[in-house]
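Text of structure-v3.cif (mmCIF, C-alpha atoms) as supplied:
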data_query
loop_
_atom_site.label_atom_id
_atom_site.label_comp_id
_atom_site.auth_asym_id
_atom_site.auth_seq_id
_atom_site.Cartn_x
_atom_site.Cartn_y
_atom_site.Cartn_z
CA MET A 1 28.56 -1.77 43.01
CA ARG A 2 26.61 -4.94 42.30
CA ALA A 3 23.85 -5.17 39.73
CA ARG A 4 21.15 -5.64 42.37
CA SER A 5 22.28 -2.54 44.28
CA ALA A 6 22.46 -0.54 41.05
CA LEU A 7 18.94 -1.69 40.19
CA PHE A 8 17.64 -0.50 43.57
CA ASP A 9 19.38 2.85 43.14
CA VAL A 10 17.85 3.37 39.69
CA TYR A 11 14.36 2.52 40.91
CA GLY A 12 14.74 4.70 44.00
CA GLY A 13 16.51 7.62 42.35
CA HIS A 14 14.61 7.82 39.08
CA LEU A 15 11.84 5.29 38.45
CA ARG A 16 9.95 5.74 41.74
CA GLU A 17 8.97 9.26 40.71
CA ARG A 18 8.11 8.06 37.20
CA GLY A 19 5.55 5.43 38.11
CA GLY A 20 7.93 2.83 39.52
CA ALA A 21 7.98 0.53 36.48
CA ALA A 22 10.11 -0.13 33.40
CA THR A 23 10.57 -2.78 30.75
CA ILE A 24 13.53 -5.10 31.00
CA ALA A 25 14.94 -3.50 27.83
CA ALA A 26 14.87 -0.07 29.49
CA LEU A 27 16.53 -1.46 32.62
CA VAL A 28 19.31 -2.95 30.51
CA ARG A 29 19.89 0.42 28.84
CA LEU A 30 19.84 2.24 32.19
CA LEU A 31 22.44 -0.01 33.80
CA GLU A 32 24.75 -0.20 30.78
CA PRO A 33 26.74 2.99 31.66
CA LEU A 34 27.38 1.44 35.08
CA GLY A 35 29.16 -1.50 33.45
CA PHE A 36 26.44 -4.16 33.65
CA ALA A 37 25.66 -6.35 30.65
CA ALA A 38 22.17 -7.62 29.89
CA PRO A 39 22.62 -11.08 31.52
CA ALA A 40 23.69 -9.49 34.81
CA VAL A 41 20.70 -7.13 34.75
CA ARG A 42 18.27 -9.96 34.04
CA THR A 43 19.73 -12.04 36.86
CA ALA A 44 19.49 -9.10 39.27
CA VAL A 45 15.86 -8.50 38.27
CA SER A 46 14.95 -12.18 38.77
CA ARG A 47 16.61 -12.24 42.18
CA THR A 48 14.86 -9.02 43.21
CA VAL A 49 11.50 -10.46 42.14
CA ARG A 50 12.10 -13.60 44.21
CA GLN A 51 12.90 -11.44 47.23
CA GLY A 52 9.61 -9.58 46.91
CA TRP A 53 10.91 -6.14 45.86
CA LEU A 54 9.74 -6.19 42.22
CA ARG A 55 6.74 -7.74 40.49
CA PRO A 56 6.19 -8.56 36.79
CA VAL A 57 3.77 -6.22 34.99
CA ARG A 58 2.53 -5.71 31.46
CA LEU A 59 3.48 -2.27 30.17
CA PRO A 60 2.41 -0.65 26.85
CA ALA A 61 5.85 -1.41 25.41
CA GLY A 62 5.88 -4.99 26.69
CA PRO A 63 6.72 -7.02 29.80
CA GLY A 64 8.28 -5.06 32.62
CA TYR A 65 8.80 -4.87 36.35
CA ALA A 66 7.22 -2.61 38.95
CA LEU A 67 7.97 -1.93 42.59
CA THR A 68 5.99 -3.86 45.18
CA PRO A 69 4.34 -1.91 48.02
CA ARG A 70 7.07 -3.23 50.33
CA ALA A 71 9.75 -1.82 48.02
CA GLU A 72 7.96 1.52 47.74
CA THR A 73 7.92 1.83 51.53
CA ARG A 74 11.63 0.95 51.78
CA LEU A 75 12.65 3.36 49.01
CA ASP A 76 10.51 6.21 50.35
CA GLU A 77 11.98 5.78 53.82
CA ALA A 78 15.50 5.63 52.39
CA ALA A 79 14.91 8.70 50.21
CA ALA A 80 13.74 10.73 53.22
CA ARG A 81 17.05 10.01 54.90
CA ILE A 82 19.26 10.29 51.80
CA TYR A 83 17.87 13.71 50.86
CA ARG A 84 16.94 14.72 54.45
CA THR A 85 13.38 15.70 53.54
CA ARG A 86 11.99 14.73 56.95
CA PRO A 87 12.13 17.61 59.45
CA SER A 88 13.73 16.94 62.82
CA THR A 89 10.86 16.49 65.27
CA TRP A 90 12.69 14.78 68.11
CA ASP A 91 10.83 15.32 71.38
CA GLY A 92 13.58 14.01 73.65
CA ARG A 93 12.24 10.46 73.70
CA TRP A 94 13.89 7.39 72.19
CA HIS A 95 12.18 4.52 70.41
CA VAL A 96 13.38 1.40 72.23
CA VAL A 97 13.24 -2.15 70.87
CA VAL A 98 13.91 -5.05 73.24
CA LEU A 99 14.11 -8.48 71.61
CA GLU A 100 12.54 -11.25 73.66
CA GLU A 101 15.31 -13.61 72.56
CA LEU A 102 18.21 -13.68 70.12
CA PRO A 103 17.51 -15.54 66.86
CA PRO A 104 20.02 -18.06 65.42
CA ARG A 105 23.16 -16.62 63.87
CA PRO A 106 22.06 -16.24 60.18
CA ALA A 107 18.79 -14.58 61.17
CA ARG A 108 20.60 -12.48 63.79
CA ASP A 109 22.98 -11.11 61.17
CA ARG A 110 20.11 -10.24 58.84
CA LEU A 111 18.19 -8.63 61.68
CA THR A 112 21.21 -6.58 62.76
CA SER A 113 21.72 -5.32 59.21
CA SER A 114 18.03 -4.45 58.82
CA LEU A 115 17.77 -2.64 62.15
CA ARG A 116 20.84 -0.55 61.37
CA LEU A 117 19.39 0.32 57.98
CA LEU A 118 16.19 1.48 59.70
CA GLY A 119 18.20 3.80 61.95
CA TYR A 120 18.49 1.76 65.14
CA GLY A 121 21.66 1.60 67.22
CA GLU A 122 22.64 -1.32 69.42
CA LEU A 123 22.90 -0.77 73.18
CA GLY A 124 23.24 -4.46 73.98
CA PRO A 125 22.56 -7.92 72.48
CA VAL A 126 18.78 -7.49 72.66
CA THR A 127 18.32 -3.71 73.04
CA TRP A 128 18.17 -1.18 70.22
CA VAL A 129 17.28 2.51 70.17
CA ALA A 130 16.44 5.08 67.51
CA PRO A 131 15.52 8.78 67.59
CA ARG A 132 12.26 7.90 65.83
CA PRO A 133 10.27 4.72 65.10
CA SER A 134 10.55 3.14 61.66
CA PRO A 135 7.37 2.19 59.79
CA GLU A 136 9.21 -0.92 58.57
CA LEU A 137 10.12 -2.27 61.99
CA THR A 138 7.12 -4.60 62.31
CA ASP A 139 7.74 -6.12 58.89
CA VAL A 140 11.43 -6.68 59.68
CA LEU A 141 10.67 -8.40 62.98
CA THR A 142 7.93 -10.49 61.39
CA SER A 143 10.09 -11.61 58.48
CA GLU A 144 12.73 -12.92 60.90
CA GLU A 145 10.06 -14.35 63.26
CA VAL A 146 11.43 -12.32 66.16
CA ALA A 147 9.26 -11.12 69.05
CA ALA A 148 10.09 -7.79 70.67
CA ARG A 149 8.77 -5.17 73.05
CA THR A 150 8.77 -1.60 71.76
CA PHE A 151 8.12 1.66 73.54
CA HIS A 152 9.06 5.35 73.69
CA GLY A 153 10.98 6.63 76.66
CA GLU A 154 13.23 9.39 77.91
CA HIS A 155 16.78 8.54 78.86
CA ASP A 156 17.55 9.14 82.52
CA GLY A 157 20.94 10.61 81.74
CA ASP A 158 22.93 12.40 79.04
CA ASP A 159 21.35 11.81 75.62
CA THR A 160 24.61 12.73 73.89
CA GLU A 161 26.41 9.98 75.77
CA LEU A 162 23.65 7.51 74.89
CA ALA A 163 23.97 8.36 71.21
CA ALA A 164 27.75 7.96 71.37
CA ARG A 165 27.28 4.51 72.90
CA ALA A 166 24.77 3.32 70.29
CA TRP A 167 26.70 4.71 67.31
CA ASP A 168 30.45 5.25 66.78
CA LEU A 169 30.13 8.92 65.88
CA ALA A 170 33.87 9.58 65.83
CA GLU A 171 34.47 6.91 63.22
CA LEU A 172 31.36 7.96 61.29
CA GLY A 173 32.48 11.59 61.22
CA GLY A 174 35.90 10.57 59.93
CA ASP A 175 34.31 8.50 57.18
CA TYR A 176 32.13 11.44 56.13
CA ALA A 177 35.27 13.57 55.72
CA ALA A 178 36.97 10.75 53.79
CA PHE A 179 33.91 10.49 51.52
CA VAL A 180 34.26 14.13 50.45
CA ALA A 181 38.02 13.82 50.00
CA GLU A 182 37.63 10.75 47.78
CA TRP A 183 34.72 11.92 45.66
CA GLU A 184 35.58 15.60 45.19
CA PRO A 185 38.15 15.04 42.41
CA ARG A 186 36.16 12.20 40.84
CA VAL A 187 32.80 13.88 40.53
CA SER A 188 34.10 17.41 39.86
CA ALA A 189 35.77 16.16 36.68
CA VAL A 190 32.49 14.87 35.21
CA ASP A 191 30.98 16.85 32.34
CA ALA A 192 27.42 17.45 33.51
CA SER A 193 26.24 18.04 29.92
CA ALA A 194 27.17 14.50 28.86
CA ALA A 195 23.96 12.64 29.71
CA ALA A 196 25.23 9.07 30.08
CA GLU A 197 28.35 10.20 31.94
CA ALA A 198 26.34 12.42 34.27
CA PHE A 199 23.91 9.58 34.96
CA ALA A 200 26.69 7.08 35.72
CA ALA A 201 28.51 9.52 38.01
CA SER A 202 25.36 10.48 39.88
CA GLN A 203 24.45 6.83 40.44
CA GLN A 204 27.94 5.97 41.64
CA LEU A 205 27.87 8.94 44.00
CA LEU A 206 24.43 7.91 45.27
CA HIS A 207 25.61 4.35 45.82
CA ALA A 208 28.57 5.53 47.89
CA TRP A 209 26.41 7.97 49.87
CA ARG A 210 23.67 5.40 50.46
CA LYS A 211 26.09 3.23 52.44
CA PHE A 212 25.86 5.78 55.25
CA LEU A 213 22.22 4.76 55.75
CA PHE A 214 23.49 1.63 57.52
CA ARG A 215 25.48 3.74 59.96
CA ASP A 216 23.90 7.17 60.36
CA PRO A 217 20.48 7.20 62.04
CA GLY A 218 19.87 10.87 61.35
CA LEU A 219 20.32 12.05 64.91
CA PRO A 220 18.77 15.40 65.88
CA PRO A 221 21.21 18.33 65.60
CA GLN A 222 21.37 18.87 69.37
CA LEU A 223 23.03 15.45 69.78
CA LEU A 224 25.77 16.14 67.23
CA PRO A 225 28.98 18.20 67.48
CA GLU A 226 28.90 21.76 66.14
CA ASP A 227 31.48 20.87 63.47
CA TRP A 228 29.83 17.56 62.53
CA PRO A 229 31.46 16.41 59.22
CA GLY A 230 28.19 14.89 58.09
CA ARG A 231 26.82 18.37 57.38
CA ALA A 232 29.63 19.27 54.96
CA ALA A 233 29.32 15.85 53.33
CA ALA A 234 25.57 16.35 52.86
CA ARG A 235 26.13 19.74 51.24
CA PHE A 236 28.72 18.17 48.92
CA PHE A 237 26.34 15.35 47.96
CA ASP A 238 23.44 17.75 47.36
CA HIS A 239 25.54 20.10 45.24
CA HIS A 240 26.84 17.48 42.86
CA THR A 241 23.58 15.55 42.73
CA GLY A 242 21.89 18.78 41.64
CA ARG A 243 24.67 19.63 39.17
CA LEU A 244 24.43 16.24 37.47
CA ALA A 245 20.64 15.95 37.61
CA PRO A 246 19.71 17.58 34.26
CA GLY A 247 22.03 15.34 32.27
CA ALA A 248 21.10 12.25 34.29
CA ASN A 249 17.39 12.93 33.78
CA ARG A 250 17.87 13.31 30.03
CA PHE A 251 19.56 9.94 29.93
CA VAL A 252 16.78 8.28 31.94
CA GLU A 253 14.09 9.75 29.71
CA SER A 254 15.90 8.57 26.59
CA CYS A 255 16.10 5.03 27.98
CA LEU A 256 12.43 5.01 28.93
CA ASP A 257 11.33 6.58 25.64
CA GLY A 258 12.91 3.65 23.85
CA GLN A 259 10.88 1.08 25.77
#
This entry written out as structure tokens:
Amino acid sequence: MRARSALFDVYGGHLRERGGAATIAALVRLLEPLGFAAPAVRTAVSRTVRQGWLRPVRLPAGPGYALTPRAETRLDEAAARIYRTRPSTWDGRWHVVVLEELPPRPARDRLTSSLRLLGYGELGPVTWVAPRPSPELTDVLTSEEVAARTFHGEHDGDDTELAARAWDLAELGGDYAAFVAEWEPRVSAVDASAAAEAFAASQQLLHAWRKFLFRDPGLPPQLLPEDWPGRAAARFFDHHTGRLAPGANRFVESCLDGQ
């Protein structure tokens, strides 16, 4: 876990629902149990400000940093997928994105990463599909100065086969099972009543789980196998996130109260 990723996780997992702002002193205290010293936190904050995700604000306790509207949109979209709060409303149509041309390599790599994060799977060099449109798509295409055609359409064929072509579901399912096997002994041993320990464990678990956002588009149930490992992994994540939440919340409140 890098300091910038940890910062995003703290804002998304705890600060977003508490106004989306904190002093730099509070951020240093929050990231300390994760192994980050004050200089690393300050560097991560400065970098995140330059990238347009945070903005400086004046808080009652002093200078701080708040989420930008762009960051709020990204974190809300991510949270809906992490905690699966969005009901499945798939109507059998796919959202299709066809790039008018491929950007140069650096921009192409950034675009590929962003589209996967938004839930799109690659059918070809310029063609991407998703079970639902992302509200961030326009901003992503604009930021990379890429023109594209977008539309909804039904697949003239087997939707299950289309999904298997756009995403490697066999590998993804295996990684979900490996996630549970790796984290079960680690997180089960954590004392949920120890606030700082519960906070650190919950953030580490969230960080590991969040990596699936780049690979799992949240396909509708009818396109997934009956024994899809992602379901058991989601139940595991929810259970331990809930078990650690009281202690983690106490730790967050103590850090913010000391602002």
Expand the PyMOL selection byres ((chain A and resi 44-60) around 9) into the explicit residue set it covers here, and present it as a PyMOL selection string.
chain A and resi 2-5+7-8+21-24+39-43+61-72+259
Which neighbours of Ser113 of chain A fall inside 12 Å, counting only C-alpha atoms, when residues of the same chain fewer than 3 positions from it are skipped, and could you give them as a count of residues only?
18
Using only C-alpha atoms, which of A:Leu223, A:Leu137, A:Leu206, A:Val146 sits nearest Leu169 of chain A?
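With only C-alpha atoms as the atom set, the closest residue is A:Leu223.
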Name all residues at most 10 Å from Pro133 of chain A (count all atoms listed in the file; drop same-chain ones fewer than 2 positions away) and give them as a list in words.
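Near Pro133 of chain A, the qualifying residues are Trp94, His95, Val96, Val97, Leu118, Gly119, Tyr120, Val129, Ala130, Pro131, Pro135, Glu136, Leu137, Thr150, Phe151 and His152 of chain A.
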Work out how far apart atom CA of Thr112 of chain A and atom CA of Ala148 of chain A are and give it in Å to one decimal.
13.7 Å
Contacts of segment 176-193 of chain A at 12 Å (all atoms listed in the file; same-chain gap of 5+ positions) as an NGL selection string:
:A and (169-171 or 198-213 or 215-216 or 227-251)
Report as a ChimeraX atom specification all protein, DNA and RNA residues lying within 8 Å of segment 101-104 of chain A, evaluated on only C-alpha atoms, omitting residues in the same chain fewer than 5 positions from it.
/A:125-126,146-147
What separation in Å, quoted to one decimal, exists between atom CA of Arg93 of chain A and atom CA of Gly153 of chain A?
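About the pair atom CA of Arg93 of chain A and atom CA of Gly153 of chain A: they are 5.0 Å apart.
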Point-to-point distance from atom CA of Ala79 of chain A to atom CA of Leu115 of chain A, Å rounded to tenths:
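If I compute the distance from atom CA of Ala79 of chain A to atom CA of Leu115 of chain A, I get 16.7 Å.
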